[in-house]
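File shown here: data_6.cif, holding mmCIF, C-alpha atoms.
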data_protein
#
loop_
_atom_site.label_atom_id
_atom_site.label_comp_id
_atom_site.auth_asym_id
_atom_site.auth_seq_id
_atom_site.Cartn_x
_atom_site.Cartn_y
_atom_site.Cartn_z
CA MET M 25 2.77 10.64 -9.06
CA SER M 26 6.35 11.26 -10.22
CA ILE M 27 7.58 8.15 -8.41
CA VAL M 28 4.90 6.09 -10.21
CA VAL M 29 6.09 7.43 -13.57
CA ALA M 30 9.72 6.74 -12.63
CA LYS M 31 8.98 3.17 -11.51
CA THR M 32 6.96 2.55 -14.67
CA ALA M 33 9.78 3.85 -16.87
CA ILE M 34 12.41 1.77 -15.07
CA SER M 35 10.17 -1.29 -15.24
CA LEU M 36 9.59 -0.97 -18.97
CA LEU M 37 13.30 -0.47 -19.59
CA SER M 38 14.03 -3.56 -17.49
CA VAL M 39 11.48 -5.58 -19.46
CA LEU M 40 13.10 -4.45 -22.73
CA LEU M 41 16.53 -5.57 -21.48
CA VAL M 42 15.09 -8.93 -20.40
CA ILE M 43 13.57 -9.45 -23.87
CA ILE M 44 16.90 -8.60 -25.53
CA PHE M 45 18.64 -10.97 -23.13
CA LEU M 46 16.18 -13.76 -23.88
CA ALA M 47 16.62 -13.31 -27.62
CA ARG M 48 20.22 -14.46 -27.18
CA GLN M 49 19.45 -17.09 -24.52
CA ASN M 50 21.25 -20.09 -26.02
CA ALA M 51 24.40 -18.12 -26.86
CA ILE M 52 24.54 -16.47 -23.43
CA VAL M 53 24.02 -19.77 -21.58
CA HIS M 54 26.80 -21.37 -23.62
CA TYR M 55 29.09 -18.42 -22.89
CA LEU M 56 28.34 -18.51 -19.14
CA ASP M 57 29.02 -22.25 -18.97
CA ASN M 58 32.74 -21.47 -19.26
CA LYS M 59 32.86 -18.55 -16.82
CA PRO M 60 33.58 -18.52 -13.06
CA PRO M 61 30.21 -18.20 -11.26
CA GLY M 62 31.49 -15.82 -8.60
CA ARG M 63 32.90 -13.39 -11.14
CA VAL M 64 29.72 -13.44 -13.27
CA LEU M 65 27.43 -12.84 -10.30
CA PHE M 66 29.63 -10.10 -8.83
CA THR M 67 29.82 -8.32 -12.18
CA GLY M 68 26.04 -8.60 -12.61
CA TRP M 69 25.45 -7.31 -9.09
CA LEU M 70 27.92 -4.47 -9.63
CA LEU M 71 26.24 -3.31 -12.86
CA LEU M 72 22.60 -3.90 -11.88
CA ARG M 73 22.61 -3.11 -8.18
CA LEU M 74 25.59 -1.05 -7.05
CA VAL M 75 25.83 1.19 -10.13
CA PRO M 76 22.09 2.10 -10.02
CA PHE M 77 22.45 2.77 -6.29
CA LEU M 78 25.43 5.09 -6.87
CA PHE M 79 23.67 6.85 -9.76
CA ILE M 80 20.38 7.43 -7.91
CA TYR M 81 21.59 8.26 -4.41
CA ILE M 82 25.10 9.61 -4.90
CA ALA M 83 25.38 11.14 -8.39
CA ALA M 84 21.77 12.37 -8.62
CA GLY M 85 21.59 13.10 -4.88
CA ILE M 86 18.05 11.71 -4.53
CA GLU M 87 16.97 11.05 -0.94
CA PRO M 88 15.31 7.73 -0.03
CA THR M 89 11.58 7.87 0.71
CA SER M 90 8.70 5.70 1.88
CA ASP M 91 9.65 2.59 3.91
CA VAL M 92 13.30 3.62 4.06
CA ASN M 93 12.45 6.39 6.51
CA GLY M 94 10.86 3.84 8.83
CA PHE M 95 13.84 1.51 8.52
CA TRP M 96 16.18 4.43 9.17
CA ASP M 97 14.27 5.42 12.31
CA GLU M 98 14.66 1.88 13.65
CA ALA M 99 18.30 1.52 12.64
CA SER M 100 19.42 4.89 14.02
CA LYS M 101 17.70 4.29 17.36
CA ALA M 102 19.04 0.75 17.60
CA SER M 103 22.55 2.09 16.92
CA GLN M 104 22.14 4.34 19.99
CA GLY M 105 21.45 1.33 22.20
CA MET M 106 17.69 1.80 22.42
CA VAL M 107 15.55 -1.29 22.99
CA VAL M 108 13.25 -2.42 20.20
CA TYR M 109 9.49 -2.44 20.99
CA ARG M 110 10.11 -0.48 24.20
CA ASP M 111 11.96 2.62 23.01
CA PHE M 112 10.79 2.53 19.40
CA TRP M 113 8.07 0.81 17.43
CA SER M 114 8.89 -1.94 14.95
CA PRO M 115 6.77 -4.30 12.82
CA TYR M 116 9.77 -6.59 12.31
CA SER M 117 11.56 -9.26 14.29
CA PRO M 118 13.68 -8.07 17.24
CA LEU M 119 17.14 -8.41 15.66
CA TYR M 120 16.23 -6.70 12.36
CA PRO M 121 16.92 -3.09 13.43
CA TYR M 122 20.20 -4.11 15.08
CA LEU M 123 21.43 -5.73 11.89
CA LEU M 124 20.69 -2.48 10.07
CA ALA M 125 22.38 -0.61 12.91
CA ILE M 126 25.71 -2.22 12.00
CA GLY M 127 25.65 -0.20 8.79
CA VAL M 128 24.86 2.98 10.73
CA LYS M 129 28.22 2.71 12.45
CA PHE M 130 29.93 3.05 9.07
CA TRP M 131 27.63 5.59 7.39
CA TYR M 132 25.09 7.67 9.30
CA SER M 133 22.57 8.20 6.52
CA PRO M 134 19.21 6.74 5.37
CA LYS M 135 21.03 5.85 2.15
CA MET M 136 22.89 3.29 4.20
CA VAL M 137 19.62 1.37 4.58
CA VAL M 138 19.32 1.07 0.80
CA LEU M 139 22.95 -0.02 0.51
CA VAL M 140 22.38 -2.77 3.10
CA MET M 141 19.38 -4.00 1.10
CA VAL M 142 21.50 -4.02 -2.06
CA ILE M 143 24.24 -6.03 -0.34
CA MET M 144 21.80 -8.52 1.20
CA ASP M 145 20.10 -9.04 -2.16
CA GLY M 146 23.50 -9.85 -3.69
CA ILE M 147 24.27 -12.35 -0.92
CA ALA M 148 20.84 -13.99 -1.34
CA LEU M 149 21.40 -14.38 -5.09
CA PHE M 150 24.93 -15.72 -4.67
CA LEU M 151 23.77 -18.37 -2.17
CA SER M 152 20.78 -19.17 -4.40
CA SER M 153 23.07 -19.89 -7.35
CA ARG M 154 24.91 -22.42 -5.16
CA PHE M 155 21.59 -23.78 -3.87
CA PHE M 156 20.25 -24.56 -7.37
CA ARG M 157 23.48 -25.56 -9.11
CA PRO M 158 23.39 -29.32 -8.24
CA PHE M 159 20.42 -30.00 -10.54
CA GLN M 160 20.80 -27.25 -13.15
CA PRO M 161 23.71 -26.63 -15.57
CA LYS M 162 26.02 -23.83 -14.44
CA GLY M 163 25.33 -21.64 -17.47
CA GLU M 164 21.57 -21.98 -16.99
CA VAL M 165 21.71 -21.00 -13.31
CA LEU M 166 23.90 -17.99 -14.08
CA PHE M 167 21.62 -16.94 -16.95
CA LYS M 168 18.56 -17.05 -14.68
CA SER M 169 20.47 -15.20 -11.95
CA LEU M 170 21.24 -12.36 -14.36
CA LEU M 171 17.59 -12.32 -15.44
CA TYR M 172 16.63 -11.95 -11.79
CA LEU M 173 18.90 -8.92 -11.49
CA LEU M 174 17.28 -7.42 -14.60
CA LEU M 175 13.65 -7.97 -13.62
CA PRO M 176 11.80 -4.85 -12.40
CA GLY M 177 10.39 -6.78 -9.45
CA SER M 178 13.86 -7.18 -7.98
CA LEU M 179 15.61 -4.09 -9.39
CA VAL M 180 13.01 -1.53 -8.32
CA LEU M 181 11.97 -3.17 -5.06
CA CYS M 182 15.61 -3.49 -4.01
CA VAL M 183 17.31 -0.29 -5.21
CA VAL M 184 14.41 2.17 -5.33
CA ALA M 185 11.98 0.84 -2.70
CA ALA M 186 14.68 -0.76 -0.49
CA GLN M 187 12.49 -3.71 0.53
CA GLU M 188 13.89 -6.37 2.84
CA ASP M 189 11.60 -9.28 1.90
CA VAL M 190 14.34 -11.20 0.06
CA TRP M 191 16.06 -11.62 3.44
CA MET M 192 13.56 -14.33 4.28
CA TRP M 193 14.65 -16.48 1.35
CA LEU M 194 18.29 -15.87 2.29
CA PHE M 195 17.72 -17.07 5.85
CA VAL M 196 15.97 -20.27 4.76
CA ILE M 197 18.58 -21.45 2.22
CA LEU M 198 21.58 -20.49 4.38
CA PRO M 199 20.67 -23.04 7.11
CA TYR M 200 20.25 -25.76 4.48
CA LEU M 201 23.63 -25.00 2.86
CA VAL M 202 25.26 -25.10 6.31
CA ARG M 203 23.52 -28.39 7.08
CA GLU M 204 24.65 -29.82 3.75
CA ARG M 205 28.25 -28.91 4.49
CA THR M 206 28.39 -29.81 8.20
CA LEU M 207 25.75 -32.59 8.29
CA ARG M 208 24.54 -31.13 11.59
CA VAL M 209 20.80 -30.75 12.08
CA ALA M 210 21.38 -28.61 15.19
CA TRP M 211 23.10 -25.85 13.18
CA TYR M 212 20.29 -26.00 10.65
CA ALA M 213 17.70 -25.56 13.41
CA VAL M 214 19.57 -22.75 15.18
CA LEU M 215 20.04 -20.79 11.96
CA LEU M 216 16.36 -21.17 11.09
CA ALA M 217 15.48 -19.82 14.53
CA LEU M 218 17.85 -16.89 14.00
CA GLY M 219 16.20 -16.28 10.63
CA LEU M 220 12.90 -15.83 12.46
CA LEU M 221 14.51 -13.42 14.94
CA ILE M 222 16.09 -11.36 12.15
CA THR M 223 13.37 -11.09 9.49
CA LYS M 224 9.59 -11.11 10.01
CA ALA M 225 7.05 -13.01 12.08
CA ILE M 226 5.69 -14.61 8.89
CA PHE M 227 9.00 -16.47 8.53
CA VAL M 228 7.63 -18.89 11.13
CA LEU M 229 5.11 -20.19 8.57
CA ILE M 230 7.76 -22.04 6.54
CA LEU M 231 8.83 -23.93 9.66
CA VAL M 232 5.55 -25.87 9.66
CA PRO M 233 6.01 -27.67 6.30
CA LEU M 234 9.75 -28.03 6.96
CA PHE M 235 9.02 -29.77 10.26
CA LEU M 236 6.41 -31.95 8.54
CA VAL M 237 8.95 -33.45 6.12
CA GLU M 238 11.93 -33.45 8.52
CA LYS M 239 13.12 -36.98 9.33
CA GLN M 240 15.07 -35.96 12.46
CA LYS M 241 12.27 -34.03 14.10
CA LEU M 242 13.62 -34.01 17.66
CA ARG M 243 17.07 -32.82 16.55
CA MET M 244 15.36 -29.99 14.73
CA ILE M 245 12.78 -28.91 17.27
CA ILE M 246 14.92 -28.97 20.44
CA PRO M 247 17.55 -26.40 19.35
CA MET M 248 14.83 -24.20 17.84
CA ALA M 249 12.79 -24.37 21.03
CA LEU M 250 15.83 -23.48 23.15
CA VAL M 251 16.63 -20.44 20.99
CA GLY M 252 12.97 -19.42 21.03
CA ILE M 253 12.59 -19.76 24.80
CA ILE M 254 15.77 -17.76 25.47
CA ALA M 255 14.73 -15.04 23.01
CA LEU M 256 11.21 -14.77 24.43
CA ALA M 257 12.52 -14.67 28.01
CA ILE M 258 14.94 -11.84 27.20
CA LEU M 259 12.27 -9.92 25.29
CA PHE M 260 9.70 -10.30 28.05
CA LEU M 261 12.16 -9.09 30.68
CA LEU M 262 13.05 -6.06 28.54
CA VAL M 263 9.72 -5.04 27.01
CA GLY M 264 6.94 -7.14 28.53
CA TRP M 265 4.22 -8.00 26.03
CA GLU M 266 5.29 -5.23 23.65
CA PHE M 267 7.23 -7.81 21.65
CA THR M 268 3.85 -8.72 20.05
CA GLN M 269 3.89 -5.39 18.13
CA PRO M 270 4.53 -7.10 14.74
CA LEU M 271 1.30 -9.09 15.11
CA GLY M 272 -0.70 -5.86 14.95
CA GLU M 273 0.18 -5.49 11.29
CA ALA M 274 -2.08 -8.43 10.42
CA GLN M 275 -5.23 -6.35 11.04
CA THR M 276 -4.25 -3.69 8.49
CA LEU M 277 -6.10 -3.94 5.17
CA ARG M 278 -3.74 -3.44 2.26
CA ALA M 279 -4.02 -4.24 -1.42
CA PRO M 280 -4.08 -6.17 -3.63
CA ASN M 281 -5.39 -9.36 -2.13
CA ILE M 282 -8.60 -11.35 -2.30
CA PRO M 283 -10.30 -9.44 0.58
CA SER M 284 -9.50 -6.07 -1.01
CA VAL M 285 -10.77 -7.25 -4.42
CA ILE M 286 -14.05 -8.83 -3.31
CA ASN M 287 -14.91 -6.32 -0.57
CA PRO M 288 -16.76 -3.77 -2.78
CA TRP M 289 -18.96 -6.46 -4.34
CA PHE M 290 -20.21 -7.40 -0.85
CA PHE M 291 -20.70 -3.74 0.11
CA ASN M 292 -18.03 -3.92 2.83
CA ALA M 293 -19.89 -6.75 4.61
CA ILE M 294 -17.11 -9.38 4.65
CA GLY M 295 -15.53 -8.02 7.83
CA VAL M 296 -12.21 -6.69 6.56
CA GLY M 297 -9.87 -5.94 9.43
CA GLU M 298 -11.32 -8.75 11.54
CA LYS M 299 -9.06 -11.47 12.94
CA PHE M 300 -11.24 -14.04 11.16
CA TRP M 301 -9.53 -13.17 7.86
CA ASN M 302 -6.09 -13.62 9.42
CA TRP M 303 -6.90 -17.15 10.54
CA VAL M 304 -8.49 -18.03 7.21
CA GLY M 305 -5.39 -16.74 5.42
CA LEU M 306 -3.04 -18.69 7.66
CA LEU M 307 -4.98 -21.93 7.31
CA ILE M 308 -5.13 -21.67 3.52
CA SER M 309 -1.49 -20.67 2.94
CA VAL M 310 0.07 -23.05 5.49
CA GLY M 311 -2.35 -25.81 4.54
CA MET M 312 -1.45 -25.60 0.84
CA ALA M 313 2.25 -25.46 1.72
CA CYS M 314 1.97 -28.59 3.87
CA VAL M 315 0.10 -30.50 1.15
CA ALA M 316 2.78 -29.52 -1.36
CA ALA M 317 5.61 -30.43 1.05
CA TRP M 318 4.10 -33.84 1.73
CA ARG M 319 3.69 -34.56 -1.98
CA LEU M 320 7.32 -33.55 -2.51
CA ARG M 321 8.72 -35.35 0.54
CA HIS M 322 10.69 -37.77 -1.68
CA ALA M 323 11.98 -35.06 -4.03
CA ASP M 324 15.31 -33.25 -3.70
CA PHE M 325 15.12 -30.80 -0.78
CA ARG M 326 15.92 -27.89 -3.07
CA ILE M 327 12.99 -28.68 -5.32
CA MET M 328 10.68 -29.21 -2.38
CA LEU M 329 11.68 -26.00 -0.61
CA SER M 330 11.53 -23.85 -3.75
CA ARG M 331 8.02 -24.94 -4.67
CA VAL M 332 6.69 -24.92 -1.13
CA TRP M 333 8.19 -21.45 -0.58
CA VAL M 334 6.49 -20.01 -3.67
CA ILE M 335 3.18 -21.69 -2.83
CA LEU M 336 3.25 -20.54 0.80
CA TYR M 337 4.17 -16.89 0.34
CA ALA M 338 2.42 -16.31 -2.98
CA THR M 339 -0.76 -17.71 -1.43
CA MET M 340 -0.24 -15.59 1.66
CA MET M 341 0.18 -12.53 -0.59
CA ILE M 342 -3.38 -12.86 -1.89
CA VAL M 343 -5.27 -14.38 1.07
CA GLN M 344 -3.82 -12.33 3.93
CA GLN M 345 -5.60 -8.98 4.25
CA SER M 346 -2.42 -7.19 5.35
CA ALA M 347 -0.43 -8.40 2.34
CA TYR M 348 0.39 -6.33 -0.71
CA SER M 349 2.25 -6.85 -3.97
CA ASN M 350 5.70 -5.96 -2.62
CA TYR M 351 5.59 -9.49 -1.22
CA ILE M 352 6.62 -10.73 -4.67
CA PHE M 353 10.14 -9.97 -3.42
CA ILE M 354 9.81 -12.82 -0.91
CA PHE M 355 9.49 -15.54 -3.54
CA LEU M 356 10.90 -14.00 -6.73
CA ILE M 357 14.27 -15.79 -6.61
CA PRO M 358 12.91 -19.38 -6.48
CA LEU M 359 10.19 -18.40 -8.96
CA VAL M 360 12.81 -17.17 -11.44
CA LEU M 361 15.54 -19.75 -10.82
CA HIS M 362 13.33 -22.83 -10.56
CA ILE M 363 9.62 -22.50 -11.37
CA ILE M 364 9.54 -20.47 -14.59
CA ASN M 365 10.35 -22.21 -17.87
CA TRP M 366 12.30 -19.48 -19.65
CA LYS M 367 11.64 -21.09 -23.04
CA ASN M 368 7.87 -20.89 -22.54
CA ARG M 369 6.67 -17.57 -23.95
CA THR M 370 3.40 -17.63 -22.03
CA GLU M 371 5.11 -18.08 -18.65
CA VAL M 372 7.76 -15.48 -19.46
CA GLY M 373 5.27 -12.94 -20.79
CA LEU M 374 2.99 -13.27 -17.78
CA LEU M 375 5.96 -13.04 -15.41
CA LEU M 376 7.08 -9.76 -17.02
CA ILE M 377 3.57 -8.29 -16.79
CA TYR M 378 3.37 -9.49 -13.18
CA ASN M 379 6.65 -7.80 -12.31
CA VAL M 380 5.59 -4.45 -13.75
CA LEU M 381 2.21 -4.55 -11.99
CA CYS M 382 3.72 -5.52 -8.63
CA VAL M 383 6.19 -2.64 -8.86
CA VAL M 384 3.79 0.07 -10.02
CA GLN M 385 0.54 -0.75 -8.19
CA PRO M 386 1.72 -0.20 -4.56
CA SER M 387 3.01 3.31 -5.30
CA PHE M 388 -0.07 4.14 -7.38
CA TRP M 389 -2.39 2.88 -4.61
CA TRP M 390 -0.44 4.72 -1.92
CA ARG M 391 -0.64 8.02 -3.78
CA LEU M 392 -4.38 7.60 -4.23
CA GLY M 393 -4.65 7.62 -0.45
CA MET M 394 -4.67 3.82 0.03
CA PRO M 395 -8.33 3.48 -0.99
CA CYS M 396 -10.48 0.73 0.49
CA TYR M 397 -13.29 0.04 -1.94
CA LEU M 398 -16.58 -0.28 -0.07
CA ALA M 399 -19.09 -0.58 -2.93
CA PRO M 400 -19.06 -1.18 -6.71
CA ALA M 401 -19.69 2.52 -7.33
CA ASP M 402 -16.31 3.31 -5.71
CA LEU M 403 -14.51 1.44 -8.48
CA PHE M 404 -15.74 3.80 -11.17
CA SER M 405 -15.80 7.12 -9.34
CA SER M 406 -12.57 8.10 -11.13
CA TRP M 407 -10.34 6.65 -13.83
CA GLN M 408 -7.45 6.41 -11.35
CA LEU M 409 -9.48 4.19 -9.01
CA ALA M 410 -10.64 2.03 -11.93
CA VAL M 411 -7.02 1.57 -13.07
CA ASP M 412 -5.92 0.70 -9.54
CA TYR M 413 -8.68 -1.88 -9.13
CA ALA M 414 -7.90 -3.40 -12.54
CA MET M 415 -4.25 -3.79 -11.51
CA GLN M 416 -5.34 -5.40 -8.24
CA ILE M 417 -7.44 -8.00 -10.07
CA LEU M 418 -4.63 -8.79 -12.52
CA ILE M 419 -2.09 -9.21 -9.71
CA VAL M 420 -4.39 -11.59 -7.81
CA LEU M 421 -5.12 -13.66 -10.94
CA LEU M 422 -1.46 -13.83 -11.96
CA THR M 423 -0.45 -14.83 -8.44
CA ILE M 424 -2.93 -17.71 -8.62
CA TYR M 425 -1.38 -18.70 -11.96
CA PHE M 426 2.14 -18.89 -10.50
CA ILE M 427 0.89 -20.81 -7.47
CA TRP M 428 -0.63 -23.29 -9.95
CA LEU M 429 2.72 -23.55 -11.76
CA ALA M 430 4.52 -24.31 -8.51
CA PHE M 431 1.98 -26.74 -7.08
CA PRO M 432 3.07 -30.41 -7.41
CA THR M 433 0.34 -32.14 -9.40
CA GLN M 434 0.89 -35.68 -10.65
CA LYS M 435 2.09 -34.29 -13.98
CA THR M 436 4.59 -31.91 -12.39
CA LEU M 437 5.78 -34.62 -9.98
CA LYS M 438 6.78 -36.78 -12.94
CA ARG M 439 8.53 -33.84 -14.61
CA ILE M 440 10.33 -32.94 -11.38
CA THR M 441 11.56 -36.52 -11.02
CA VAL M 442 12.96 -36.45 -14.55
CA ARG M 443 14.65 -33.04 -14.08
CA ALA M 444 16.14 -34.00 -10.72
#
Show this structure as structure tokens.
Amino acid sequence: MSIVVAKTAISLLSVLLVIIFLARQNAIVHYLDNKPPGRVLFTGWLLLRLVPFLFIYIAAGIEPTSDVNGFWDEASKASQGMVVYRDFWSPYSPLYPYLLAIGVKFWYSPKMVVLVMVIMDGIALFLSSRFFRPFQPKGEVLFKSLLYLLLPGSLVLCVVAAQEDVWMWLFVILPYLVRERTLRVAWYAVLLALGLLITKAIFVLILVPLFLVEKQKLRMIIPMALVGIIALAILFLLVGWEFTQPLGEAQTLRAPNIPSVINPWFFNAIGVGEKFWNWVGLLISVGMACVAAWRLRHADFRIMLSRVWVILYATMMIVQQSAYSNYIFIFLIPLVLHIINWKNRTEVGLLLIYNVLCVVQPSFWWRLGMPCYLAPADLFSSWQLAVDYAMQILIVLLTIYFIWLAFPTQKTLKRITVRA
């Protein structure tokens, strides 16, 4: 449980720094208004990403654990020219291990995987600051960006856990920024398709609401279809049907999510692990995202995408039986930079609690042996299991709260119009 204690300590320290930062919010925002954005973000990334990385993995000599070992196995084999899905197993999109393999050529160590995650997180935040700047004052965007770097949900999941989920957000805003600069829908579509090939299969879910609100549907779908057909043809020739390996992850019951929370109260009779839950989860998450996208079809694209993204992947995090709380890293940037009102103490307080829970619970659950609660008696068979289940319930409830904040009701639509 030492890693649980370490993550808890880091999380509480991060929360303390956020509170201190917020106490001087107006002064800091005013100060940042007159500073170059690139320099501020690089300095923040240097102090809150690179320095922790160097301290943990270089100065202290700690070796990466958990998911990093799996990433390293993929990256090292990809760097040797092995074929994904055929020569090694992967739950990710086909280009993901080869992108990691680029780093292997410079530094043959599992620590390289963490460094790549740190770099990609910095790129995602830098592009996000440009993405949100048109409708937020510069100082405000920079202030929120620094808060993101301080939050335990990003700090721990990036530097300690080396999670890649933030890549998905990076590869959805990059195509938009390119489209905005070039005015070419084809580039937008091709980059979205590449995002799917680089990240995870669940990236495809955002394409549904984006297609729904797209005005130039043919110009979007044709380049994406061409990239998809070429990619599938190459994969099928190389590995046959093994390219469907990532889909197998959907049958794995993880926690916390609604199935894991309600399962014991139905005495394991809800059919966890069945494909039925996967389809229910997809219909709910994509359905809510499409409703939100349609309601926001006349809003600024940045507002629409940010809210739809949070709704889609936060909903997926609690309705999909294979989801777990690390998925907060998928939607944390738009949640922090757009959804949360940093002057509202309730929203801020709940976000800080949410961050700590999402960081601590996965490690705690893992070290308990990844328990699947089958009956109410299981919840109280030990204090550790009771604590784990309590954290699961809180994470699910708080996720619902943030989905509610992001969802475009009539009241929020009026407020969005005014802010835009």
From M:Trp193, M:Tyr348, M:Phe77, M:Tyr425, residue lying nearest Leu277 (chain M) [all atoms listed in the file]:
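Using all atoms listed in the file, the shortest distance to Leu277 (chain M) belongs to M:Tyr348.
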Distance of CA of Phe353 (chain M) from CA of Leu139 (chain M), expressed in Å to one decimal place
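Going from CA of Leu139 (chain M) over to CA of Phe353 (chain M), I get 16.7 Å.
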Take the PyMOL selection byres ((chain M and resi 347) around 10), apply it to the structure above, and return the hits as an MDAnalysis selection string.
chainID M and resid 273:274 276:282 284 337:338 340:346 348:351
Find the distance between CA of Ser153 (chain M) and CA of Gln49 (chain M) and write it in Å to one decimal.
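Calculated distance between CA of Ser153 (chain M) and CA of Gln49 (chain M) is 17.8 Å.
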Report the distance between CA of Ile222 (chain M) and CA of Gly297 (chain M) in Å, rounded to one decimal place.
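Result for CA of Ile222 (chain M) versus CA of Gly297 (chain M): 26.7 Å, one decimal.
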If the PyMOL selection byres ((chain M and resi 354) around 12) is run on the structure shown, which residues does it catch, given as a ChimeraX atom specification?
/M:145,148,177-178,181-182,187-196,223-224,226-227,330,333-341,347-353,355-360
Which residues would end up in the selection if the PyMOL selection byres ((chain M and resi 123) around 10) were applied here, given that I need the answer as a PyMOL selection string?
chain M and resi 99+102-103+118-122+124-128+140+222-223
